[in-house]
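Structure file work14.txt with compact mmCIF, C-alpha atoms and all ligand atoms:
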```txt
# COMPACT_ATOMS: atom_id res chain seq x y z
CA MET A 1 93.86 132.15 -62.89
CA ARG A 2 92.94 133.25 -59.39
CA SER A 3 89.23 133.51 -58.48
CA PRO A 4 88.03 137.04 -57.59
CA ILE A 5 88.94 137.98 -54.02
CA VAL A 6 86.98 141.21 -53.72
CA TYR A 7 83.87 141.07 -51.54
CA PRO A 8 80.77 141.66 -53.74
CA GLY A 9 79.53 144.51 -51.51
CA ALA A 10 82.94 146.19 -51.14
CA ASP A 11 81.88 149.36 -52.97
CA GLU A 12 79.01 149.93 -50.52
CA LEU A 13 81.36 150.35 -47.55
CA THR A 14 81.60 154.13 -47.32
CA TYR A 15 81.59 156.44 -44.27
CA GLU A 16 81.77 160.06 -45.34
CA ILE A 17 81.69 161.25 -41.69
CA ARG A 18 85.30 160.09 -41.35
CA GLU A 19 86.37 160.12 -45.03
CA ILE A 20 86.03 163.89 -45.14
CA VAL A 21 88.70 164.13 -42.43
CA ALA A 22 91.42 163.33 -45.02
CA VAL A 23 90.53 166.46 -47.02
CA ALA A 24 90.21 168.56 -43.84
CA LYS A 25 93.68 167.43 -42.70
CA LYS A 26 95.17 168.53 -46.05
CA LEU A 27 93.47 171.91 -45.70
CA GLU A 28 94.88 172.12 -42.17
CA GLN A 29 98.37 171.66 -43.64
CA CYS A 30 97.63 174.66 -45.87
CA GLY A 31 96.97 176.72 -42.74
CA VAL A 32 93.16 176.49 -42.63
CA VAL A 33 91.93 176.21 -39.03
CA ILE A 34 89.30 173.45 -39.01
CA THR A 35 86.11 173.60 -36.94
CA TRP A 36 85.18 169.93 -36.65
CA GLU A 37 81.45 169.62 -37.21
CA ASN A 38 81.56 166.20 -38.82
CA ILE A 39 81.58 163.63 -36.06
CA GLY A 40 79.06 162.76 -33.35
CA ASP A 41 81.49 162.51 -30.46
CA PRO A 42 80.49 164.86 -27.60
CA VAL A 43 83.76 164.16 -25.75
CA ALA A 44 85.96 165.05 -28.73
CA LYS A 45 83.94 168.26 -29.04
CA GLY A 46 84.78 169.23 -25.46
CA GLU A 47 81.83 168.06 -23.33
CA CYS A 48 82.94 167.15 -19.82
CA VAL A 49 82.13 163.73 -18.41
CA PRO A 50 80.80 164.30 -14.86
CA GLY A 51 83.21 163.52 -12.01
CA TRP A 52 80.80 161.03 -10.41
CA ILE A 53 80.80 158.92 -13.59
CA LYS A 54 84.60 158.99 -13.70
CA ASP A 55 84.68 157.94 -10.01
CA ILE A 56 82.47 154.91 -10.72
CA VAL A 57 84.72 153.85 -13.62
CA ALA A 58 87.90 154.50 -11.63
CA GLY A 59 86.58 152.40 -8.71
CA GLU A 60 85.72 149.50 -10.98
CA VAL A 61 88.98 149.59 -12.88
CA ARG A 62 90.73 148.73 -9.61
CA GLN A 63 88.93 145.36 -9.58
CA ASP A 64 90.84 142.57 -11.32
CA ALA A 65 87.57 141.26 -12.77
CA SER A 66 87.31 144.31 -14.99
CA PHE A 67 90.40 143.08 -16.86
CA GLY A 68 88.84 139.71 -17.69
CA TYR A 69 86.54 138.39 -20.40
CA SER A 70 82.78 138.60 -19.85
CA PRO A 71 80.14 136.01 -20.79
CA THR A 72 79.29 136.00 -24.50
CA LYS A 73 75.87 137.64 -24.09
CA GLY A 74 77.24 140.13 -21.56
CA LEU A 75 77.53 140.33 -17.77
CA GLN A 76 74.48 139.00 -15.97
CA THR A 77 74.39 142.09 -13.72
CA ALA A 78 74.21 144.42 -16.73
CA ARG A 79 71.52 142.34 -18.47
CA ASP A 80 69.48 142.07 -15.24
CA PHE A 81 69.68 145.83 -14.84
CA ILE A 82 68.31 146.43 -18.36
CA THR A 83 65.53 143.88 -17.77
CA ASN A 84 64.53 145.67 -14.55
CA GLU A 85 64.57 149.03 -16.30
CA ARG A 86 62.13 147.78 -18.96
CA ARG A 87 59.89 146.30 -16.26
CA LYS A 88 59.86 149.57 -14.27
CA GLU A 89 59.38 151.71 -17.38
CA CYS A 90 56.46 149.92 -18.93
CA GLY A 91 56.07 146.40 -17.55
CA ILE A 92 57.70 144.81 -20.61
CA PRO A 93 58.86 141.28 -19.74
CA LEU A 94 62.30 141.32 -21.36
CA ASP A 95 64.24 138.15 -20.55
CA PRO A 96 67.93 138.88 -19.71
CA GLU A 97 68.71 135.99 -22.08
CA ASP A 98 67.29 138.13 -24.89
CA ILE A 99 69.95 140.81 -24.44
CA LEU A 100 73.25 140.62 -26.32
CA PHE A 101 76.16 143.00 -25.74
CA PHE A 102 78.42 144.26 -28.52
CA ASN A 103 81.57 146.34 -28.86
CA GLY A 104 79.50 149.42 -29.57
CA LEU A 105 76.47 149.51 -31.86
CA GLY A 106 78.85 149.75 -34.81
CA ASP A 107 79.75 146.13 -34.06
CA ALA A 108 76.09 145.19 -33.52
CA ILE A 109 75.08 146.76 -36.85
CA ALA A 110 77.85 144.98 -38.77
CA ASN A 111 76.75 141.62 -37.32
CA VAL A 112 73.02 142.19 -37.81
CA TYR A 113 73.42 142.58 -41.58
CA THR A 114 76.33 140.16 -42.06
CA TYR A 115 74.42 137.25 -40.54
CA LEU A 116 71.12 137.94 -42.25
CA ASN A 117 70.29 135.63 -45.16
CA ARG A 118 71.96 137.15 -48.22
CA CYS A 119 68.62 137.41 -50.07
CA ALA A 120 66.86 139.17 -47.18
CA ARG A 121 66.77 142.95 -47.35
CA VAL A 122 66.13 145.58 -44.66
CA ILE A 123 64.64 148.86 -45.84
CA GLY A 124 65.85 151.92 -43.96
CA PRO A 125 65.43 155.69 -43.90
CA ASN A 126 66.84 158.09 -46.50
CA PRO A 127 68.94 160.01 -45.54
CA ALA A 128 70.55 157.13 -43.67
CA TYR A 129 73.12 156.74 -40.94
CA PRO A 130 75.85 155.20 -43.14
CA THR A 131 76.88 152.38 -40.81
CA HIS A 132 73.40 150.86 -41.30
CA SER A 133 72.98 151.65 -44.98
CA SER A 134 76.52 150.64 -45.98
CA ALA A 135 76.37 147.39 -44.00
CA GLU A 136 72.93 146.53 -45.42
CA GLY A 137 74.03 147.34 -48.98
CA ALA A 138 77.30 145.45 -48.60
CA HIS A 139 75.47 142.39 -47.24
CA ALA A 140 73.17 142.32 -50.26
CA GLY A 141 75.89 143.26 -52.76
CA GLY A 142 73.95 146.30 -53.98
CA LYS A 143 72.54 149.66 -53.05
CA ASN A 144 70.75 150.01 -49.72
CA LEU A 145 66.93 150.04 -49.98
CA THR A 146 65.34 153.15 -48.51
CA TYR A 147 62.09 154.94 -47.70
CA ARG A 148 62.04 158.73 -47.81
CA LEU A 149 62.20 161.06 -44.82
CA ASP A 150 60.54 164.25 -46.03
CA PRO A 151 62.31 167.52 -45.10
CA SER A 152 59.25 169.53 -46.12
CA LYS A 153 57.24 167.67 -43.43
CA GLY A 154 59.74 168.03 -40.58
CA TRP A 155 61.47 164.82 -41.75
CA LEU A 156 58.43 162.59 -41.22
CA PRO A 157 58.79 159.31 -43.10
CA ASP A 158 56.84 158.94 -46.33
CA LEU A 159 54.75 155.95 -45.27
CA ALA A 160 53.15 155.59 -48.71
CA ASP A 161 56.65 155.17 -50.15
CA LEU A 162 57.52 152.62 -47.46
CA ARG A 163 54.28 150.67 -47.93
CA ASN A 164 54.65 150.67 -51.70
CA LYS A 165 58.24 149.39 -51.58
CA VAL A 166 57.40 146.70 -49.03
CA GLN A 167 54.39 145.56 -51.10
CA ASN A 168 56.37 145.39 -54.34
CA ASN A 169 59.61 143.88 -53.12
CA PRO A 170 59.28 140.42 -51.56
CA THR A 171 62.99 140.41 -50.63
CA ILE A 172 62.26 143.04 -47.96
CA THR A 173 62.13 141.18 -44.64
CA GLY A 174 62.75 144.00 -42.21
CA ILE A 175 62.28 147.73 -41.61
CA LEU A 176 64.88 149.89 -39.87
CA ILE A 177 64.05 153.01 -37.92
CA ILE A 178 66.53 155.23 -36.08
CA ASN A 179 64.73 157.02 -33.28
CA PRO A 180 65.72 159.77 -32.51
CA ASP A 181 67.29 159.89 -35.94
CA ASN A 182 70.79 160.58 -37.13
CA PRO A 183 71.23 162.72 -39.29
CA THR A 184 67.82 164.47 -39.20
CA GLY A 185 66.93 164.80 -35.50
CA LEU A 186 63.48 163.33 -36.23
CA VAL A 187 61.66 161.78 -33.27
CA TYR A 188 59.09 159.36 -34.68
CA PRO A 189 55.57 160.27 -33.52
CA ARG A 190 53.51 157.51 -31.92
CA GLU A 191 51.06 157.25 -34.86
CA THR A 192 53.94 156.84 -37.32
CA LEU A 193 55.48 154.10 -35.22
CA GLU A 194 52.09 152.39 -34.92
CA GLU A 195 51.73 152.44 -38.71
CA ILE A 196 55.22 151.02 -39.20
CA VAL A 197 54.44 148.23 -36.72
CA ALA A 198 51.19 147.57 -38.63
CA ILE A 199 53.07 147.38 -41.96
CA ALA A 200 55.52 144.91 -40.40
CA ARG A 201 52.64 142.80 -39.02
CA THR A 202 50.76 142.77 -42.33
CA HIS A 203 53.83 141.72 -44.35
CA ASP A 204 55.38 139.42 -41.74
CA LEU A 205 58.49 141.58 -41.36
CA PHE A 206 60.76 142.15 -38.39
CA LEU A 207 61.75 145.59 -37.11
CA ILE A 208 65.07 147.11 -36.14
CA SER A 209 64.93 150.18 -33.94
CA ASP A 210 68.24 151.93 -33.32
CA GLU A 211 67.55 153.94 -30.15
CA ILE A 212 71.09 154.98 -29.26
CA TYR A 213 69.79 158.54 -28.71
CA ALA A 214 66.64 157.43 -26.80
CA HIS A 215 67.20 159.74 -23.81
CA LEU A 216 68.27 162.67 -25.99
CA ALA A 217 64.77 163.47 -27.32
CA TYR A 218 64.18 167.13 -26.41
CA ASP A 219 60.58 166.52 -25.38
CA LYS A 220 60.98 163.49 -23.17
CA SER A 221 57.36 162.40 -23.57
CA ALA A 222 57.61 162.47 -27.39
CA MET A 223 60.09 159.58 -27.45
CA ILE A 224 58.13 156.34 -27.67
CA PRO A 225 60.38 153.28 -27.38
CA LEU A 226 59.41 150.80 -30.06
CA TYR A 227 59.16 147.92 -27.57
CA THR A 228 56.07 149.55 -26.02
CA LEU A 229 54.14 149.23 -29.31
CA LEU A 230 55.20 145.88 -30.72
CA ASP A 231 52.56 143.55 -29.40
CA ASP A 232 53.43 140.37 -31.37
CA VAL A 233 55.82 141.80 -34.00
CA PRO A 234 59.44 140.55 -33.78
CA ALA A 235 61.98 143.29 -33.25
CA LEU A 236 65.51 144.04 -32.35
CA VAL A 237 66.08 147.22 -30.35
CA MET A 238 69.55 148.78 -30.14
CA ARG A 239 70.78 150.87 -27.22
CA GLY A 240 74.22 151.98 -26.09
CA LEU A 241 76.46 154.09 -23.87
CA SER A 242 78.24 156.12 -26.57
CA LYS A 243 75.92 159.08 -26.92
CA GLU A 244 74.06 159.28 -23.63
CA VAL A 245 76.75 158.87 -20.96
CA PRO A 246 78.59 160.04 -23.24
CA TRP A 247 81.24 157.37 -23.62
CA PRO A 248 81.83 156.52 -27.30
CA GLY A 249 85.26 155.09 -26.46
CA SER A 250 83.63 152.44 -24.22
CA ARG A 251 82.60 150.54 -27.37
CA CYS A 252 79.53 149.31 -25.54
CA GLY A 253 76.08 148.82 -27.01
CA TRP A 254 73.50 146.07 -26.88
CA ILE A 255 70.58 144.49 -28.70
CA GLU A 256 67.29 143.60 -27.03
CA PHE A 257 65.35 140.90 -28.90
CA TYR A 258 61.54 141.10 -28.67
CA ASN A 259 58.98 138.45 -29.63
CA LYS A 260 61.46 135.75 -30.53
CA ARG A 261 59.04 133.22 -29.17
CA ASN A 262 56.43 134.01 -31.82
CA ASP A 263 58.75 133.51 -34.73
CA ALA A 264 61.08 130.51 -35.10
CA GLN A 265 63.00 132.05 -38.02
CA PHE A 266 63.58 135.27 -36.09
CA ALA A 267 64.67 133.24 -33.04
CA ARG A 268 67.17 131.31 -35.20
CA TYR A 269 68.49 134.57 -36.60
CA ALA A 270 68.90 135.93 -33.06
CA LYS A 271 70.75 132.76 -32.05
CA THR A 272 73.08 133.22 -35.04
CA LEU A 273 74.05 136.62 -33.68
CA VAL A 274 74.81 135.08 -30.27
CA ASP A 275 76.81 132.27 -31.91
CA ALA A 276 78.77 134.78 -33.98
CA LYS A 277 79.57 136.77 -30.82
CA MET A 278 80.68 133.50 -29.17
CA LEU A 279 83.29 133.01 -31.92
CA GLU A 280 84.49 136.50 -31.10
CA VAL A 281 84.41 135.46 -27.38
CA CYS A 282 82.64 138.50 -25.84
CA SER A 283 82.37 142.30 -25.79
CA THR A 284 84.15 144.87 -23.62
CA THR A 285 83.83 144.01 -19.91
CA LEU A 286 84.50 147.26 -18.00
CA PRO A 287 81.61 149.31 -19.46
CA GLN A 288 79.17 146.48 -18.70
CA GLN A 289 80.51 146.30 -15.17
CA VAL A 290 79.82 149.98 -14.47
CA LEU A 291 76.58 150.19 -16.48
CA PRO A 292 74.17 149.49 -13.58
CA ALA A 293 75.98 151.93 -11.27
CA ILE A 294 76.02 154.74 -13.87
CA LEU A 295 72.57 154.31 -15.43
CA GLY A 296 71.03 153.51 -12.03
CA ASP A 297 72.54 156.51 -10.24
CA VAL A 298 70.04 159.14 -9.04
CA ARG A 299 72.08 161.81 -10.86
CA TYR A 300 71.94 160.05 -14.24
CA ALA A 301 68.46 161.10 -15.37
CA THR A 302 69.17 164.76 -14.58
CA HIS A 303 72.54 164.58 -16.30
CA VAL A 304 71.10 163.22 -19.57
CA ARG A 305 68.09 165.54 -19.38
CA GLU A 306 70.29 168.61 -19.01
CA ARG A 307 72.34 167.51 -22.02
CA ALA A 308 69.17 166.99 -24.10
CA LEU A 309 67.88 170.44 -23.15
CA GLY A 310 71.25 171.96 -24.08
CA TYR A 311 70.97 170.45 -27.57
CA ALA A 312 67.35 171.61 -27.82
CA LYS A 313 68.48 175.16 -27.13
CA LYS A 314 71.19 174.99 -29.80
CA ALA A 315 68.75 173.42 -32.27
CA ALA A 316 66.37 176.37 -31.74
CA LEU A 317 69.19 178.87 -32.09
CA ALA A 318 70.42 177.28 -35.34
CA HIS A 319 66.84 177.09 -36.65
CA ALA A 320 66.38 180.80 -36.05
CA LEU A 321 69.53 181.52 -38.07
CA LEU A 322 68.73 179.15 -40.94
CA ARG A 323 64.96 178.98 -41.40
CA ASP A 324 64.51 182.08 -43.59
CA ILE A 325 67.40 181.50 -46.00
CA PRO A 326 66.02 181.13 -49.53
CA GLY A 327 66.96 177.91 -51.35
CA ILE A 328 67.16 175.62 -48.33
CA THR A 329 64.91 173.62 -46.02
CA ALA A 330 66.17 173.41 -42.45
CA PRO A 331 63.70 171.55 -40.20
CA GLU A 332 64.38 171.99 -36.49
CA PRO A 333 65.65 168.75 -34.93
CA LYS A 334 63.59 167.20 -32.11
CA GLY A 335 66.25 164.92 -30.69
CA ALA A 336 69.90 163.73 -30.84
CA PHE A 337 72.64 166.26 -31.64
CA TYR A 338 72.67 166.83 -35.37
CA TYR A 339 71.18 169.40 -37.71
CA SER A 340 70.59 168.57 -41.38
CA VAL A 341 70.02 171.25 -43.99
CA VAL A 342 68.67 170.45 -47.47
CA PHE A 343 69.16 172.50 -50.62
CA LYS A 344 65.91 172.81 -52.54
CA ASP A 345 65.68 171.13 -55.97
CA GLY A 346 67.60 173.14 -58.55
CA ALA A 347 69.21 175.44 -55.96
CA LEU A 348 72.73 174.09 -56.55
CA ASN A 349 74.77 174.20 -59.74
CA ASN A 350 78.37 173.52 -60.63
CA THR A 351 79.33 177.15 -61.09
CA HIS A 352 78.56 178.23 -57.52
CA ALA A 353 81.64 179.13 -55.51
CA LEU A 354 82.87 180.82 -52.33
CA PRO A 355 85.83 183.20 -52.10
CA ILE A 356 88.85 181.32 -50.68
CA ALA A 357 91.45 183.66 -49.21
CA ASN A 358 94.07 180.95 -48.65
CA THR A 359 95.72 180.43 -52.07
CA GLN A 360 97.16 177.01 -51.13
CA ALA A 361 93.73 175.83 -50.02
CA ARG A 362 92.23 177.09 -53.27
CA ALA A 363 94.88 175.26 -55.30
CA LEU A 364 94.15 172.07 -53.36
CA LEU A 365 90.40 172.35 -53.86
CA GLU A 366 90.15 173.26 -57.52
CA PRO A 367 91.22 169.94 -59.11
CA LEU A 368 88.80 168.06 -56.81
CA LEU A 369 85.69 170.01 -57.80
CA PRO A 370 84.66 168.43 -61.15
CA ALA A 371 84.18 164.96 -59.64
CA LEU A 372 82.05 166.08 -56.67
CA PRO A 373 78.28 165.75 -56.19
CA PRO A 374 76.73 169.23 -55.85
CA ASP A 375 76.35 169.14 -52.05
CA LYS A 376 79.91 167.91 -51.55
CA ARG A 377 81.08 170.79 -53.74
CA PHE A 378 79.39 173.21 -51.30
CA VAL A 379 80.86 171.37 -48.30
CA TYR A 380 84.39 171.49 -49.73
CA TYR A 381 84.04 175.19 -50.55
CA LEU A 382 82.71 175.89 -47.06
CA MET A 383 85.64 174.06 -45.52
CA ALA A 384 88.28 175.78 -47.66
CA ALA A 385 86.70 179.23 -47.17
CA THR A 386 85.82 179.03 -43.45
CA GLY A 387 87.42 175.88 -42.01
CA ILE A 388 83.98 174.53 -41.01
CA CYS A 389 83.89 170.79 -41.68
CA VAL A 390 80.35 169.42 -42.14
CA VAL A 391 79.22 166.22 -43.91
CA PRO A 392 77.38 166.23 -47.26
CA LEU A 393 73.96 164.52 -47.14
CA SER A 394 74.93 162.54 -50.24
CA GLY A 395 77.32 160.78 -47.82
CA PHE A 396 74.24 159.51 -45.95
CA ASN A 397 73.23 157.35 -48.91
CA SER A 398 70.73 160.03 -49.82
CA ASP A 399 69.48 161.53 -53.06
CA LEU A 400 68.87 164.78 -51.15
CA GLN A 401 71.49 167.51 -51.53
CA GLY A 402 72.48 169.09 -48.25
CA PHE A 403 74.74 168.69 -45.26
CA ARG A 404 74.76 167.70 -41.60
CA MET A 405 76.40 169.65 -38.82
CA THR A 406 76.37 168.87 -35.10
CA LEU A 407 74.90 170.62 -32.07
CA LEU A 408 77.85 169.56 -29.93
CA GLU A 409 79.87 172.76 -29.55
CA PRO A 410 79.73 173.41 -25.78
CA ASP A 411 80.50 177.13 -26.04
CA GLU A 412 77.26 178.82 -27.08
CA ALA A 413 79.02 181.91 -28.49
CA VAL A 414 81.29 179.72 -30.67
CA PHE A 415 78.27 177.68 -31.76
CA LYS A 416 76.38 180.81 -32.77
CA LYS A 417 79.41 182.12 -34.68
CA THR A 418 79.78 178.81 -36.56
CA VAL A 419 76.10 178.61 -37.54
CA SER A 420 76.07 182.29 -38.52
CA ALA A 421 79.10 181.67 -40.77
CA ILE A 422 77.34 178.66 -42.32
CA ALA A 423 74.20 180.75 -42.89
CA GLU A 424 76.13 183.63 -44.50
CA ASN A 425 78.10 181.29 -46.74
CA ILE A 426 74.96 179.46 -47.93
CA THR A 427 73.55 182.82 -49.02
CA THR A 428 76.80 183.84 -50.75
CA TYR A 429 77.14 180.45 -52.44
CA LEU A 430 73.58 180.34 -53.75
CA SER A 431 73.66 183.90 -55.01
CA GLY A 432 76.93 183.37 -56.93
C1 LIG B 501 72.21 156.01 -35.12
C2 LIG B 501 73.54 155.49 -34.66
N1 LIG B 501 73.66 154.18 -34.38
C3 LIG B 501 74.83 153.67 -33.98
C4 LIG B 501 75.95 154.46 -33.85
C5 LIG B 501 77.24 153.82 -33.44
O1 LIG B 501 77.39 153.88 -32.07
P1 LIG B 501 78.52 153.13 -31.26
O2 LIG B 501 79.43 154.17 -30.72
O3 LIG B 501 77.79 152.39 -30.17
O4 LIG B 501 79.21 152.19 -32.20
C6 LIG B 501 75.87 155.83 -34.12
C7 LIG B 501 77.06 156.70 -34.03
O5 LIG B 501 77.10 157.83 -34.46
C8 LIG B 501 74.63 156.35 -34.54
O6 LIG B 501 74.47 157.66 -34.81
```

For this file, write the structure as structure tokens.
Ligand SMILES: Cc1ncc(COP(=O)(O)O)c(C=O)c1O
Amino acid sequence: MRSPIVYPGADELTYEIREIVAVAKKLEQCGVVITWENIGDPVAKGECVPGWIKDIVAGEVRQDASFGYSPTKGLQTARDFITNERRKECGIPLDPEDILFFNGLGDAIANVYTYLNRCARVIGPNPAYPTHSSAEGAHAGGKNLTYRLDPSKGWLPDLADLRNKVQNNPTITGILIINPDNPTGLVYPRETLEEIVAIARTHDLFLISDEIYAHLAYDKSAMIPLYTLLDDVPALVMRGLSKEVPWPGSRCGWIEFYNKRNDAQFARYAKTLVDAKMLEVCSTTLPQQVLPAILGDVRYATHVRERALGYAKKAALAHALLRDIPGITAPEPKGAFYYSVVFKDGALNNTHALPIANTQARALLEPLLPALPPDKRFVYYLMAATGICVVPLSGFNSDLQGFRMTLLEPDEAVFKKTVSAIAENITTYLSG
């Protein structure tokens, strides 16, 4: 008889942000017009990439070199640029050899967990960005380990929960933070980061800080990059082009390794990631080639700042429309471009419903309902009734019931209409 061929962590590989698209497409075939609020792609949502950025890319694409492979770790020019940025920013001596490029952070995340010792666990936030939580769970062949982000405290992490889990589970070797966070919009305050670094130091853990939204914190001074607080603690910091340029199709992100020299095991782990990338040859060349010109351009800081302030404005507008609705908690995001809403304990039941005018859509939805978690039931009803496609929080490996929408709609009037419709339908649903 054949040995089992299914990967032990196969069931952990879920990504509701895209899985929900299949249902939305079926509703579209029934005539429902979908408002896509599920995916964090500013370009797909209609944001314009500035002409000067396109000119830099167009100029570079004319060079034959942009069609070739790049070195395994990434182009020297791109790594030197990042090193210089860290030096200018805060005097951090980051060696260009300690930077490793990937085909987007999705690729980096997959490798980080795949090449970690199978018995070593990384505890991450709950709710969780599913690429991290699924990859970590799949690597360990079980459910992702999490610490709570508390919606009643503006999504601040429950550090007692984190400390307790770290103390009682010797398999935990690392702590993940996402800062600013997806899906909550939390920007970790300095004191919280300092405590997390202290926990890591006390228990000899390494840190992972996914900072793909680093320049999209609404209050610029509130965003404290983890590398400024590490001192001797080993860490891996993730940055990328997808969200900030924005250029998600570039598939370009990178890892910065800090304090390898203090920790031989961590250094060996970092080398494994480089070796694995070598087997793959390298990451995308063109985005690395234009990275110094784009990120170093005098217009770049203003461009990203204006985008961050645009999201801040939409976050405030959505907060004003959601904050007083009974039965939910809707903390105002402080960074990135998502808004997560949580239903209070006991607010949802399996008899709640929304009126669905489209009979075909109703017929499609009804057989699906019994198998759905309560928040997904709301999300499916919302989609069938209004066409608005958001993502249930249960899809973020969370025990919280709620949903995430985006702040990406460029037209403010359309954005306001969408959030108002969400607000009205929450009230109708909960009062049913
Ligand atoms: C926190 C976080 N990390 C990583 C990624 C993946 O980014 P990339 O486009 O670089 O693969 C995303 C995408 O939504 C994200 O939200």

Return as a PyMOL selection string the residues of protein, DNA or RNA that approach ligand LIG 501 (chain B) to within 9 Å, with all atoms listed in the file taken into account. chain A and resi 39-41+102-109+128-132+178-183+210-213+238-243+247-254+336

Could you pull the residues within 12 Å of Thr146 (chain A), counting only C-alpha atoms, minus those fewer than 4 positions along the same chain, as a PyMOL selection string? chain A and resi 121-130+132-134+136-137+157-159+161-166+169+172+174-177+396-399

Any idea what's packed within 7 Å of region 349-364 of chain A, counting only C-alpha atoms, ignoring anything in its chain fewer than 5 positions away? Could you give it as a ChimeraX atom specification? /A:27,30,374,381,384-385,428-430,432

To one decimal place, how far is CA of Arg307 (chain A) from CA of Val49 (chain A) in Å? 11.1 Å

Tell me which of A:Asp411, A:Glu244, A:Asp231, A:Asp263 sits closest to Pro93 (chain A), counting all atoms listed in the file.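 Answer, going by the shortest atom-to-atom distance: A:Asp231.
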
Contact table region 90-171 of chain A vs region 58-79 of chain A, cut-off 7 Å, shortest pair per residue, all atoms listed in the file, as a Markdown table:
```
| residue | atom | partner | partner_atom | distance |
| --- | --- | --- | --- | --- |
| A:Pro96 | CA | A:Arg79 | CA | 5.1 |
| A:Ile99 | CA | A:Arg79 | CA | 6.4 |
| A:Leu100 | CA | A:Lys73 | CA | 4.6 |
| A:Phe101 | CA | A:Gly74 | CA | 5.2 |
```

Only C-alpha atoms, please: the residues just picked out, written as a short mmCIF file (atom, residue, chain, number, x, y, z; two decimals), in the frame of the given file.
```
data_model
loop_
_atom_site.label_atom_id
_atom_site.label_comp_id
_atom_site.auth_asym_id
_atom_site.auth_seq_id
_atom_site.Cartn_x
_atom_site.Cartn_y
_atom_site.Cartn_z
CA PRO A 96 67.93 138.88 -19.71
CA ILE A 99 69.95 140.81 -24.44
CA LEU A 100 73.25 140.62 -26.32
CA PHE A 101 76.16 143.00 -25.74
#
```

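The space between CA of Ala217 (chain A) and CA of Arg87 (chain A) spans 21.0 Å.
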
Report, in Å to a single decimal, how far apart CA of Glu16 (chain A) and CA of Ser152 (chain A) are.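 Atom-to-atom, CA of Ser152 (chain A) and CA of Glu16 (chain A) are spaced 24.4 Å apart.
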
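Of the listed residues (A:Thr83, A:Pro246, A:Ala138, A:Val21), A:Ala138 comes nearest to Ala110 (chain A); the distances count only C-alpha atoms.
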